[in-house]
>>> print(open('run.tsv').read())   # TSV, C-alpha atoms
chain	number	residue	atom	x	y	z
D	1	MET	CA	0.00	0.00	0.00
D	2	LEU	CA	1.15	3.52	-0.73
D	3	GLN	CA	0.06	6.16	1.74
D	4	ALA	CA	0.49	9.04	-0.73
D	5	LEU	CA	-1.94	7.32	-3.12
D	6	LYS	CA	-4.43	6.55	-0.34
D	7	ASP	CA	-4.26	10.20	0.71
D	8	ALA	CA	-4.90	11.34	-2.88
D	9	ILE	CA	-7.89	9.01	-3.23
D	10	ILE	CA	-9.45	10.28	-0.02
D	11	ARG	CA	-8.70	13.93	-0.82
D	12	ASP	CA	-9.45	14.04	-4.57
D	13	GLY	CA	-11.21	10.81	-5.55
D	14	VAL	CA	-14.91	10.91	-6.31
D	15	GLY	CA	-17.19	8.02	-5.40
D	16	ILE	CA	-20.27	7.63	-7.58
D	17	GLY	CA	-23.07	5.17	-6.81
D	18	THR	CA	-21.73	1.96	-5.32
D	19	GLU	CA	-19.12	1.01	-7.92
D	20	VAL	CA	-17.44	4.00	-9.60
D	21	VAL	CA	-14.24	5.55	-8.28
D	22	LYS	CA	-13.22	8.60	-10.31
D	23	VAL	CA	-9.58	9.57	-10.04
D	24	ASP	CA	-9.45	11.77	-13.13
D	25	SER	CA	-7.83	14.58	-11.19
D	26	PHE	CA	-4.55	12.77	-10.50
D	27	LEU	CA	-4.40	9.50	-12.45
D	28	ASN	CA	-6.71	9.04	-15.44
D	29	HIS	CA	-6.85	12.41	-17.14
D	30	ARG	CA	-4.86	14.92	-15.14
D	31	ILE	CA	-1.70	13.26	-13.80
D	32	ASP	CA	0.12	14.02	-10.54
D	33	VAL	CA	3.62	13.25	-11.80
D	34	LYS	CA	5.19	13.13	-8.35
D	35	LEU	CA	2.63	10.51	-7.33
D	36	VAL	CA	3.38	8.56	-10.52
D	37	ARG	CA	7.06	8.47	-9.52
D	38	GLN	CA	6.15	7.32	-6.01
D	39	MET	CA	3.93	4.57	-7.43
D	40	GLY	CA	6.80	3.43	-9.64
D	41	GLU	CA	9.13	3.29	-6.66
D	42	ALA	CA	6.58	1.33	-4.63
D	43	PHE	CA	6.07	-1.26	-7.39
D	44	ALA	CA	9.82	-1.52	-7.96
D	45	GLU	CA	10.39	-2.14	-4.27
D	46	ALA	CA	7.72	-4.85	-4.22
D	47	PHE	CA	9.14	-6.64	-7.29
D	48	ARG	CA	12.83	-5.85	-6.76
D	49	ASP	CA	13.81	-9.53	-6.29
D	50	ASP	CA	11.67	-10.93	-9.08
D	51	ARG	CA	14.22	-10.47	-11.87
D	52	ILE	CA	11.85	-8.46	-14.08
D	53	ASP	CA	12.92	-8.27	-17.73
D	54	LEU	CA	10.05	-6.15	-19.01
D	55	VAL	CA	6.99	-4.23	-17.80
D	56	LEU	CA	3.77	-4.80	-19.73
D	57	THR	CA	0.78	-2.47	-19.57
D	58	ILE	CA	-2.14	-1.36	-21.71
D	59	GLU	CA	-2.85	2.03	-23.22
D	60	ALA	CA	-3.50	4.65	-22.01
D	61	SER	CA	-3.83	5.23	-18.26
D	62	GLY	CA	-1.36	2.55	-17.20
D	63	ILE	CA	1.56	3.95	-19.18
D	64	GLY	CA	2.75	6.49	-16.63
D	65	ALA	CA	2.98	4.04	-13.72
D	66	ALA	CA	4.52	1.40	-15.98
D	67	ILE	CA	7.32	3.72	-17.14
D	68	ALA	CA	8.00	4.91	-13.60
D	69	THR	CA	8.21	1.31	-12.39
D	70	ALA	CA	10.53	0.29	-15.22
D	71	GLN	CA	12.81	3.24	-14.47
D	72	SER	CA	12.95	2.32	-10.79
D	73	LEU	CA	13.77	-1.27	-11.75
D	74	GLY	CA	16.89	-0.09	-13.58
D	75	ASP	CA	15.47	1.00	-16.93
D	76	VAL	CA	13.96	-2.27	-18.14
D	77	PRO	CA	11.79	-1.77	-21.25
D	78	VAL	CA	8.04	-1.16	-21.21
D	79	VAL	CA	5.59	-2.54	-23.75
D	80	PHE	CA	2.07	-1.19	-23.86
D	81	ALA	CA	-0.61	-3.33	-25.48
D	82	LYS	CA	-2.69	-1.46	-28.02
D	83	LYS	CA	-6.47	-1.49	-27.97
D	84	GLY	CA	-8.70	-1.81	-30.98
D	85	LYS	CA	-12.15	-2.91	-31.99
D	86	THR	CA	-11.13	-5.59	-34.42
D	87	ARG	CA	-8.93	-8.61	-34.35
D	88	ASN	CA	-5.83	-7.93	-36.40
D	89	THR	CA	-5.53	-10.90	-38.70
D	90	SER	CA	-1.83	-10.56	-39.42
D	91	GLY	CA	0.33	-13.17	-37.78
D	92	ASP	CA	2.68	-10.59	-36.34
D	93	VAL	CA	0.76	-9.93	-33.13
D	94	TYR	CA	-0.51	-11.72	-30.05
D	95	THR	CA	-4.11	-10.79	-29.33
D	96	ALA	CA	-6.67	-11.23	-26.57
D	97	GLU	CA	-10.26	-10.13	-26.16
D	98	VAL	CA	-10.96	-7.84	-23.23
D	99	TYR	CA	-14.51	-7.05	-22.18
D	100	SER	CA	-15.00	-3.67	-20.54
D	101	PHE	CA	-17.84	-3.66	-18.03
D	102	THR	CA	-17.55	0.12	-17.79
D	103	HIS	CA	-18.08	0.72	-21.50
D	104	GLN	CA	-19.91	-2.55	-22.21
D	105	VAL	CA	-17.77	-3.26	-25.21
D	106	THR	CA	-15.25	-5.94	-26.16
D	107	ASN	CA	-11.85	-4.60	-27.17
D	108	VAL	CA	-9.08	-6.60	-28.73
D	109	ILE	CA	-5.66	-5.92	-27.28
D	110	ARG	CA	-2.56	-6.68	-29.28
D	111	VAL	CA	1.17	-6.89	-28.72
D	112	ASP	CA	3.74	-7.24	-31.48
D	113	ARG	CA	5.33	-10.68	-31.29
D	114	LYS	CA	8.84	-9.35	-31.62
D	115	TYR	CA	8.74	-7.56	-28.25
D	116	LEU	CA	7.99	-10.69	-26.21
D	117	THR	CA	10.53	-13.50	-26.12
D	118	ALA	CA	9.85	-16.92	-24.58
D	119	GLY	CA	11.20	-17.13	-21.06
D	120	MET	CA	11.06	-13.39	-20.34
D	121	ARG	CA	9.95	-12.52	-16.81
D	122	VAL	CA	7.26	-9.89	-17.19
D	123	LEU	CA	5.62	-7.60	-14.66
D	124	ILE	CA	2.09	-6.45	-15.55
D	125	ILE	CA	1.21	-2.94	-14.35
D	126	ASP	CA	-2.20	-1.30	-14.73
D	127	ASP	CA	-4.06	1.60	-13.20
D	128	PHE	CA	-7.23	-0.22	-12.06
D	129	MET	CA	-8.21	-3.71	-11.03
D	130	ALA	CA	-11.97	-4.28	-11.15
D	131	ASN	CA	-13.25	-7.45	-12.82
D	132	GLY	CA	-9.75	-8.16	-13.98
D	133	GLU	CA	-10.49	-8.52	-17.67
D	134	ALA	CA	-7.57	-6.36	-18.83
D	135	VAL	CA	-5.02	-8.17	-16.69
D	136	GLN	CA	-6.37	-11.56	-17.78
D	137	GLY	CA	-6.00	-10.44	-21.40
D	138	LEU	CA	-2.40	-9.42	-20.76
D	139	ARG	CA	-1.74	-12.75	-19.01
D	140	SER	CA	-3.15	-14.55	-22.04
D	141	VAL	CA	-0.75	-12.64	-24.29
D	142	LEU	CA	2.17	-13.61	-22.05
D	143	GLU	CA	1.09	-17.25	-22.11
D	144	GLN	CA	0.90	-17.24	-25.92
D	145	ALA	CA	4.44	-15.83	-26.01
D	146	GLY	CA	5.83	-18.34	-23.52
D	147	CYS	CA	6.69	-15.56	-21.07
D	148	VAL	CA	6.50	-15.82	-17.29
D	149	CYS	CA	4.05	-13.52	-15.53
D	150	ALA	CA	6.32	-12.64	-12.62
D	151	GLY	CA	3.74	-10.45	-10.96
D	152	VAL	CA	0.88	-7.99	-11.28
D	153	GLY	CA	0.81	-4.50	-9.81
D	154	VAL	CA	-2.18	-2.18	-9.91
D	155	CYS	CA	-2.57	1.32	-8.59
D	156	ILE	CA	-6.13	0.92	-7.32
D	157	GLU	CA	-8.10	-2.26	-6.73
D	158	LYS	CA	-11.85	-2.16	-6.39
D	159	GLY	CA	-11.96	-4.78	-3.65
D	160	PHE	CA	-15.68	-5.39	-4.07
D	161	GLN	CA	-15.12	-6.68	-7.61
D	162	PRO	CA	-13.58	-10.10	-8.30
D	163	GLY	CA	-10.37	-9.39	-10.26
D	164	GLY	CA	-7.99	-9.01	-7.33
D	165	ASN	CA	-9.26	-12.02	-5.42
D	166	ARG	CA	-9.02	-14.17	-8.52
D	167	LEU	CA	-5.30	-13.39	-8.76
D	168	ARG	CA	-4.82	-14.03	-5.03
D	169	SER	CA	-6.57	-17.40	-5.27
D	170	GLU	CA	-4.38	-18.39	-8.21
D	171	GLY	CA	-1.20	-17.66	-6.30
D	172	VAL	CA	-0.03	-14.90	-8.64
D	173	LYS	CA	2.21	-12.35	-6.89
D	174	TYR	CA	-0.14	-9.42	-6.79
D	175	VAL	CA	0.44	-5.94	-5.37
D	176	PRO	CA	-2.27	-3.27	-5.28
D	177	LEU	CA	-1.15	0.13	-3.96
D	178	ALA	CA	-4.62	0.93	-2.61
D	179	VAL	CA	-7.81	-1.09	-2.24
D	180	VAL	CA	-11.25	0.51	-2.25
D	181	ASP	CA	-13.51	-1.68	-0.15
D	182	ALA	CA	-16.75	0.20	-0.69
D	183	ILE	CA	-18.37	3.41	-1.79
D	184	ASP	CA	-20.90	4.58	0.74
D	185	HIS	CA	-23.02	7.58	-0.22
D	186	GLY	CA	-20.12	9.14	-2.08
D	187	ARG	CA	-17.59	8.31	0.60
D	188	ILE	CA	-14.70	6.11	-0.57
D	189	ILE	CA	-13.75	3.52	2.04
D	190	LEU	CA	-10.19	2.23	1.74
D	191	ARG	CA	-8.86	-1.05	3.04
D	192	ASP	CA	-6.62	-0.57	6.04
D	193	GLU	CA	-3.51	-2.71	5.71
Y	1	MET	CA	17.88	18.11	-31.10
Y	2	LEU	CA	18.67	15.09	-28.95
Y	3	GLN	CA	21.52	12.93	-30.14
Y	4	ALA	CA	20.33	9.85	-28.23
Y	5	LEU	CA	16.98	10.02	-30.05
Y	6	LYS	CA	18.64	10.57	-33.43
Y	7	ASP	CA	20.85	7.55	-32.76
Y	8	ALA	CA	17.80	5.43	-31.86
Y	9	ILE	CA	15.96	6.49	-35.02
Y	10	ILE	CA	18.92	5.58	-37.23
Y	11	ARG	CA	19.56	2.32	-35.36
Y	12	ASP	CA	16.02	1.05	-34.78
Y	13	GLY	CA	13.61	3.19	-36.80
Y	14	VAL	CA	12.03	1.68	-39.91
Y	15	GLY	CA	11.34	3.80	-42.98
Y	16	ILE	CA	8.47	2.59	-45.14
Y	17	GLY	CA	7.66	4.07	-48.54
Y	18	THR	CA	8.28	7.82	-48.62
Y	19	GLU	CA	6.24	8.91	-45.59
Y	20	VAL	CA	6.12	6.34	-42.77
Y	21	VAL	CA	8.63	6.31	-39.93
Y	22	LYS	CA	8.06	3.36	-37.59
Y	23	VAL	CA	9.53	3.76	-34.12
Y	24	ASP	CA	7.48	1.05	-32.44
Y	25	SER	CA	10.59	-0.50	-30.95
Y	26	PHE	CA	11.42	2.40	-28.61
Y	27	LEU	CA	8.60	4.97	-28.62
Y	28	ASN	CA	5.16	3.89	-29.82
Y	29	HIS	CA	4.68	0.36	-28.56
Y	30	ARG	CA	7.85	-0.78	-26.82
Y	31	ILE	CA	9.29	2.11	-24.79
Y	32	ASP	CA	12.95	2.79	-24.06
Y	33	VAL	CA	12.42	4.36	-20.64
Y	34	LYS	CA	15.92	5.82	-20.40
Y	35	LEU	CA	15.35	7.61	-23.70
Y	36	VAL	CA	11.98	8.87	-22.41
Y	37	ARG	CA	13.76	10.41	-19.43
Y	38	GLN	CA	16.36	12.02	-21.72
Y	39	MET	CA	13.61	13.44	-23.92
Y	40	GLY	CA	11.93	14.89	-20.85
Y	41	GLU	CA	15.17	16.52	-19.76
Y	42	ALA	CA	15.73	17.95	-23.24
Y	43	PHE	CA	12.23	19.46	-23.41
Y	44	ALA	CA	12.56	20.81	-19.87
Y	45	GLU	CA	15.85	22.46	-20.73
Y	46	ALA	CA	14.33	24.06	-23.84
Y	47	PHE	CA	11.31	25.42	-21.96
Y	48	ARG	CA	12.96	26.07	-18.58
Y	49	ASP	CA	12.41	29.86	-18.73
Y	50	ASP	CA	8.87	29.76	-20.09
Y	51	ARG	CA	7.13	29.50	-16.72
Y	52	ILE	CA	5.19	26.35	-17.65
Y	53	ASP	CA	2.19	25.64	-15.39
Y	54	LEU	CA	1.02	22.45	-17.05
Y	55	VAL	CA	2.00	19.97	-19.78
Y	56	LEU	CA	-0.76	18.96	-22.21
Y	57	THR	CA	-0.58	15.88	-24.41
Y	58	ILE	CA	-2.88	13.38	-26.08
Y	59	GLU	CA	-3.31	9.69	-25.41
Y	60	ALA	CA	-1.49	7.36	-25.75
Y	61	SER	CA	2.03	7.63	-27.16
Y	62	GLY	CA	2.73	11.16	-25.94
Y	63	ILE	CA	2.12	10.37	-22.28
Y	64	GLY	CA	5.59	9.08	-21.44
Y	65	ALA	CA	7.47	12.08	-22.79
Y	66	ALA	CA	4.92	14.45	-21.27
Y	67	ILE	CA	5.33	12.99	-17.78
Y	68	ALA	CA	9.13	12.98	-18.06
Y	69	THR	CA	9.06	16.63	-19.15
Y	70	ALA	CA	6.73	17.64	-16.34
Y	71	GLN	CA	8.96	15.88	-13.80
Y	72	SER	CA	12.04	17.67	-15.13
Y	73	LEU	CA	10.17	20.98	-14.95
Y	74	GLY	CA	9.67	20.49	-11.22
Y	75	ASP	CA	6.62	18.22	-11.10
Y	76	VAL	CA	4.08	20.41	-12.85
Y	77	PRO	CA	0.87	18.49	-13.66
Y	78	VAL	CA	0.17	16.70	-16.93
Y	79	VAL	CA	-3.20	16.52	-18.63
Y	80	PHE	CA	-3.73	14.09	-21.47
Y	81	ALA	CA	-6.57	14.76	-23.89
Y	82	LYS	CA	-8.80	11.76	-24.47
Y	83	LYS	CA	-9.69	10.54	-27.93
Y	84	GLY	CA	-13.10	9.36	-29.05
Y	85	LYS	CA	-15.23	8.97	-32.11
Y	86	THR	CA	-18.08	11.17	-31.02
Y	87	ARG	CA	-18.47	14.68	-29.79
Y	88	ASN	CA	-19.34	14.61	-26.11
Y	89	THR	CA	-22.36	16.85	-25.77
Y	90	SER	CA	-21.98	17.60	-22.08
Y	91	GLY	CA	-20.80	21.08	-21.29
Y	92	ASP	CA	-18.06	19.86	-19.00
Y	93	VAL	CA	-15.39	19.40	-21.67
Y	94	TYR	CA	-13.51	21.35	-24.29
Y	95	THR	CA	-13.42	19.47	-27.58
Y	96	ALA	CA	-11.71	19.70	-30.95
Y	97	GLU	CA	-11.85	17.61	-34.08
Y	98	VAL	CA	-8.59	16.00	-35.15
Y	99	TYR	CA	-8.26	14.37	-38.54
Y	100	SER	CA	-5.77	11.50	-38.73
Y	101	PHE	CA	-4.18	11.17	-42.16
Y	102	THR	CA	-2.65	7.86	-41.06
Y	103	HIS	CA	-5.96	6.26	-40.16
Y	104	GLN	CA	-8.14	8.48	-42.37
Y	105	VAL	CA	-10.58	9.10	-39.58
Y	106	THR	CA	-11.69	12.14	-37.60
Y	107	ASN	CA	-11.32	11.81	-33.86
Y	108	VAL	CA	-12.72	14.14	-31.29
Y	109	ILE	CA	-10.33	15.03	-28.50
Y	110	ARG	CA	-11.62	16.25	-25.18
Y	111	VAL	CA	-10.27	17.82	-22.04
Y	112	ASP	CA	-12.27	18.32	-18.86
Y	113	ARG	CA	-12.85	22.03	-18.31
Y	114	LYS	CA	-11.83	21.90	-14.68
Y	115	TYR	CA	-8.19	21.06	-15.48
Y	116	LEU	CA	-7.55	24.15	-17.61
Y	117	THR	CA	-7.77	27.58	-16.00
Y	118	ALA	CA	-7.68	30.84	-17.96
Y	119	GLY	CA	-4.21	32.34	-17.97
Y	120	MET	CA	-2.35	29.06	-17.44
Y	121	ARG	CA	0.88	28.77	-19.41
Y	122	VAL	CA	0.74	25.37	-21.11
Y	123	LEU	CA	3.40	23.36	-22.90
Y	124	ILE	CA	2.10	20.92	-25.53
Y	125	ILE	CA	4.13	17.71	-25.90
Y	126	ASP	CA	3.49	14.99	-28.47
Y	127	ASP	CA	5.39	12.10	-29.98
Y	128	PHE	CA	5.02	12.98	-33.68
Y	129	MET	CA	4.55	16.08	-35.78
Y	130	ALA	CA	3.32	15.32	-39.28
Y	131	ASN	CA	0.45	17.39	-40.65
Y	132	GLY	CA	0.01	18.92	-37.24
Y	133	GLU	CA	-3.65	18.11	-36.75
Y	134	ALA	CA	-3.25	16.82	-33.19
Y	135	VAL	CA	-1.27	19.84	-32.02
Y	136	GLN	CA	-3.73	22.22	-33.71
Y	137	GLY	CA	-6.55	20.44	-31.89
Y	138	LEU	CA	-4.75	20.87	-28.57
Y	139	ARG	CA	-4.10	24.55	-29.36
Y	140	SER	CA	-7.80	24.98	-30.08
Y	141	VAL	CA	-8.62	23.49	-26.68
Y	142	LEU	CA	-6.19	25.90	-25.00
Y	143	GLU	CA	-7.71	28.84	-26.84
Y	144	GLN	CA	-11.21	27.83	-25.73
Y	145	ALA	CA	-9.95	27.71	-22.15
Y	146	GLY	CA	-8.17	31.06	-22.33
Y	147	CYS	CA	-4.81	29.42	-21.68
Y	148	VAL	CA	-1.50	30.50	-23.20
Y	149	CYS	CA	0.26	28.01	-25.46
Y	150	ALA	CA	3.77	28.68	-24.17
Y	151	GLY	CA	5.35	26.21	-26.55
Y	152	VAL	CA	5.16	22.95	-28.44
Y	153	GLY	CA	7.65	20.11	-28.17
Y	154	VAL	CA	7.58	16.96	-30.28
Y	155	CYS	CA	9.86	13.96	-30.23
Y	156	ILE	CA	9.99	13.44	-34.00
Y	157	GLU	CA	8.97	15.84	-36.75
Y	158	LYS	CA	8.38	14.58	-40.26
Y	159	GLY	CA	9.99	17.59	-41.92
Y	160	PHE	CA	8.48	16.81	-45.30
Y	161	GLN	CA	4.96	17.31	-43.92
Y	162	PRO	CA	3.62	20.78	-43.11
Y	163	GLY	CA	2.86	20.72	-39.36
Y	164	GLY	CA	6.24	21.88	-38.09
Y	165	ASN	CA	6.65	24.68	-40.61
Y	166	ARG	CA	3.18	25.94	-39.87
Y	167	LEU	CA	4.15	26.42	-36.21
Y	168	ARG	CA	7.44	28.07	-37.19
Y	169	SER	CA	5.68	30.50	-39.52
Y	170	GLU	CA	3.21	31.40	-36.79
Y	171	GLY	CA	5.98	32.27	-34.36
Y	172	VAL	CA	5.06	29.58	-31.82
Y	173	LYS	CA	8.06	28.43	-29.76
Y	174	TYR	CA	8.53	25.00	-31.23
Y	175	VAL	CA	11.12	22.36	-30.34
Y	176	PRO	CA	11.42	19.04	-32.20
Y	177	LEU	CA	14.02	16.63	-30.79
Y	178	ALA	CA	14.66	15.08	-34.21
Y	179	VAL	CA	13.53	15.94	-37.73
Y	180	VAL	CA	13.20	13.35	-40.47
Y	181	ASP	CA	13.82	15.11	-43.77
Y	182	ALA	CA	13.15	12.19	-46.06
Y	183	ILE	CA	12.81	8.45	-46.40
Y	184	ASP	CA	14.86	7.16	-49.27
Y	185	HIS	CA	14.47	3.48	-50.16
Y	186	GLY	CA	14.02	2.57	-46.51
Y	187	ARG	CA	16.81	4.82	-45.31
Y	188	ILE	CA	15.73	7.51	-42.82
Y	189	ILE	CA	17.48	10.82	-43.46
Y	190	LEU	CA	17.66	13.09	-40.42
Y	191	ARG	CA	18.10	16.84	-40.46
Y	192	ASP	CA	21.54	17.85	-39.30
Y	193	GLU	CA	21.27	20.80	-36.90
>>> encode(input="run.tsv", output="structure tokens")
Amino acid sequence: MLQALKDAIIRDGVGIGTEVVKVDSFLNHRIDVKLVRQMGEAFAEAFRDDRIDLVLTIEASGIGAAIATAQSLGDVPVVFAKKGKTRNTSGDVYTAEVYSFTHQVTNVIRVDRKYLTAGMRVLIIDDFMANGEAVQGLRSVLEQAGCVCAGVGVCIEKGFQPGGNRLRSEGVKYVPLAVVDAIDHGRIILRDE
Amino acid sequence: MLQALKDAIIRDGVGIGTEVVKVDSFLNHRIDVKLVRQMGEAFAEAFRDDRIDLVLTIEASGIGAAIATAQSLGDVPVVFAKKGKTRNTSGDVYTAEVYSFTHQVTNVIRVDRKYLTAGMRVLIIDDFMANGEAVQGLRSVLEQAGCVCAGVGVCIEKGFQPGGNRLRSEGVKYVPLAVVDAIDHGRIILRDE
């Protein structure tokens, strides 16, 4: 957990209904670049001993934290999966389907084959963990490439949705920097760990 | 100009036909995070005395360089414009239409009104300058918000397309870190400055 992120969520996050956590003011639209650096340092510390060869994320909101993490891990490369509506039929890319509950649409993510080599130890970084569809799509890409998913780090987990617990139950090394346990009449309730 | 970027373009860039410069291996898909940091330092040095309040970019490939620049400018905030197909009709956002010659499609970019305050001095950062549509869209957003466009920095200008020269002729402070003058049978020819 990262106290600076928890503070930002409480101070600037907006809870809507029972499921939506808006952090547009420091993570998803406007970016607090000092916080991004701190998130990178926190992920790097958590995965320091996991011999990470590459950080994998997905456009667009995960890119900042992924770069910061890669820099703190000694300048390992970042690859960001691209999102599209259609399955690219060329053989040059790994693809996976990712359903977005938020937008109720299925996206296809793709990663160029030449940037993933069998045996690479890859750290997945993303901004949000909700139902976990994006991370599962990235894990599928890694599996197709014969890479090892050495861990998953997310900035904010929505603890009342199943993605985080699925990773925990599967024994994947999983590090969220903040967990939202509930949204209660606009108030965001964070897990205390 | 940034020698490390010029070296990367010559070493790893791929010239296709007479107009396409592919830098997927270090900028647009896989990211060389050390180079991103160097680009940020170069932009920050160029705009050090321009009293920048905020860095504005557009998802997704510009985000890395924008964050690095903002960090080197003393942790000013970044805002990235979001891209969509449709004009958001709520009054909460500034929008502009951006035509992509590459994809032959018109996107609508949008920035939440609350992140741009009249009088702010804003630095626009993007990965590529070709016809200049994206940067003109961002300038339109700044104008709507009453902000000052204090400068424009791009990683790579395609010097044979009109976007860069348009900015120069309008007297905007404009800093490209590398300029591709031509693509000749697959060979990328950089401007020597």
>>> residues_around(input="run.tsv", residues="Y:Ser100", least_positions_apart="5", cutoff="9 Å", atoms="only C-alpha atoms", output="list in words")
Val105, Thr106, Asn107, Asn131, Glu133 and Ala134 of chain Y
>>> write_last_selection(input="run.tsv", atoms="C-alpha atoms", output="PDB file, in the coordinates of the input")
ATOM      1  CA  VAL Y 105     -10.580   9.100 -39.580  1.00  0.00           C
ATOM      2  CA  THR Y 106     -11.690  12.140 -37.600  1.00  0.00           C
ATOM      3  CA  ASN Y 107     -11.320  11.810 -33.860  1.00  0.00           C
ATOM      4  CA  ASN Y 131       0.450  17.390 -40.650  1.00  0.00           C
ATOM      5  CA  GLU Y 133      -3.650  18.110 -36.750  1.00  0.00           C
ATOM      6  CA  ALA Y 134      -3.250  16.820 -33.190  1.00  0.00           C
TER       7      ALA Y 134
END
>>> atom_distance(input="run.tsv", atom1="atom CA of Y:Ala178", atom2="atom CA of Y:Ala44")
15.6 Å
>>> interface_residues(input="run.tsv", of="chain Y", to="chain D", cutoff="6 Å", atoms="all atoms listed in the file", output="ChimeraX atom specification")
/Y:29-34,60,75,77-80
>>> residues_around(input="run.tsv", residues="Y:Lys22", least_positions_apart="5", cutoff="12 Å", atoms="only C-alpha atoms", output="ChimeraX atom specification")
/Y:8-17,27-30,127-128,156,158,180,183,186-188
>>> atom_distance(input="run.tsv", atom1="atom CA of D:Asn165", atom2="atom CA of D:Tyr94")
26.1 Å
>>> closest_residue(input="run.tsv", among="D:Lys83, D:Arg48, D:Arg191, D:Arg121", to="D:Glu143", atoms="all atoms listed in the file")
D:Arg121
>>> closest_residue(input="run.tsv", among="D:Val175, D:Ala118, D:Val141, D:Leu123", to="D:Val98", atoms="all atoms listed in the file")
D:Val141
>>> atom_distance(input="run.tsv", atom1="atom CA of D:Arg51", atom2="atom CA of D:Ser72")
12.9 Å
>>> residues_around(input="run.tsv", residues="Y:Val108", least_positions_apart="5", cutoff="6 Å", atoms="only C-alpha atoms", output="list of chain:residue names")
Y:Lys83, Y:Gly84, Y:Lys85, Y:Arg87, Y:Ala96, Y:Glu97, Y:Val98
>>> decode(input="run.tsv", residues="stretch 11-25 of chain Y", atoms="N, CA and C atoms", output="mmCIF file, in the first residue's frame")
data_model
loop_
_atom_site.group_PDB
_atom_site.id
_atom_site.type_symbol
_atom_site.label_atom_id
_atom_site.label_comp_id
_atom_site.auth_asym_id
_atom_site.auth_seq_id
_atom_site.Cartn_x
_atom_site.Cartn_y
_atom_site.Cartn_z
ATOM 1 N N ARG Y 11 19.278 3.711 -35.696
ATOM 2 C CA ARG Y 11 19.563 2.320 -35.362
ATOM 3 C C ARG Y 11 18.320 1.436 -35.477
ATOM 4 N N ASP Y 12 17.190 1.921 -34.942
ATOM 5 C CA ASP Y 12 16.025 1.052 -34.778
ATOM 6 C C ASP Y 12 14.777 1.498 -35.545
ATOM 7 N N GLY Y 13 14.773 2.721 -36.065
ATOM 8 C CA GLY Y 13 13.615 3.187 -36.804
ATOM 9 C C GLY Y 13 13.498 2.452 -38.134
ATOM 10 N N VAL Y 14 12.267 2.356 -38.635
ATOM 11 C CA VAL Y 14 12.032 1.678 -39.913
ATOM 12 C C VAL Y 14 11.331 2.663 -40.844
ATOM 13 N N GLY Y 15 11.951 2.937 -41.968
ATOM 14 C CA GLY Y 15 11.342 3.799 -42.978
ATOM 15 C C GLY Y 15 10.570 2.957 -43.975
ATOM 16 N N ILE Y 16 9.313 3.353 -44.218
ATOM 17 C CA ILE Y 16 8.467 2.589 -45.140
ATOM 18 C C ILE Y 16 7.941 3.547 -46.194
ATOM 19 N N GLY Y 17 8.106 3.195 -47.456
ATOM 20 C CA GLY Y 17 7.659 4.072 -48.539
ATOM 21 C C GLY Y 17 8.384 5.402 -48.440
ATOM 22 N N THR Y 18 7.648 6.499 -48.675
ATOM 23 C CA THR Y 18 8.282 7.821 -48.615
ATOM 24 C C THR Y 18 7.805 8.628 -47.427
ATOM 25 N N GLU Y 19 6.860 8.085 -46.631
ATOM 26 C CA GLU Y 19 6.238 8.914 -45.594
ATOM 27 C C GLU Y 19 6.195 8.309 -44.198
ATOM 28 N N VAL Y 20 6.353 6.985 -44.074
ATOM 29 C CA VAL Y 20 6.121 6.341 -42.773
ATOM 30 C C VAL Y 20 7.442 6.095 -42.044
ATOM 31 N N VAL Y 21 7.486 6.560 -40.800
ATOM 32 C CA VAL Y 21 8.630 6.313 -39.926
ATOM 33 C C VAL Y 21 8.112 5.480 -38.752
ATOM 34 N N LYS Y 22 8.523 4.223 -38.686
ATOM 35 C CA LYS Y 22 8.055 3.365 -37.585
ATOM 36 C C LYS Y 22 9.080 3.366 -36.465
ATOM 37 N N VAL Y 23 8.643 3.778 -35.290
ATOM 38 C CA VAL Y 23 9.528 3.764 -34.123
ATOM 39 C C VAL Y 23 8.857 2.987 -32.986
ATOM 40 N N ASP Y 24 8.164 1.930 -33.389
ATOM 41 C CA ASP Y 24 7.483 1.050 -32.443
ATOM 42 C C ASP Y 24 8.434 0.407 -31.448
ATOM 43 N N SER Y 25 9.687 0.277 -31.797
ATOM 44 C CA SER Y 25 10.586 -0.498 -30.946
ATOM 45 C C SER Y 25 11.133 0.298 -29.773
#
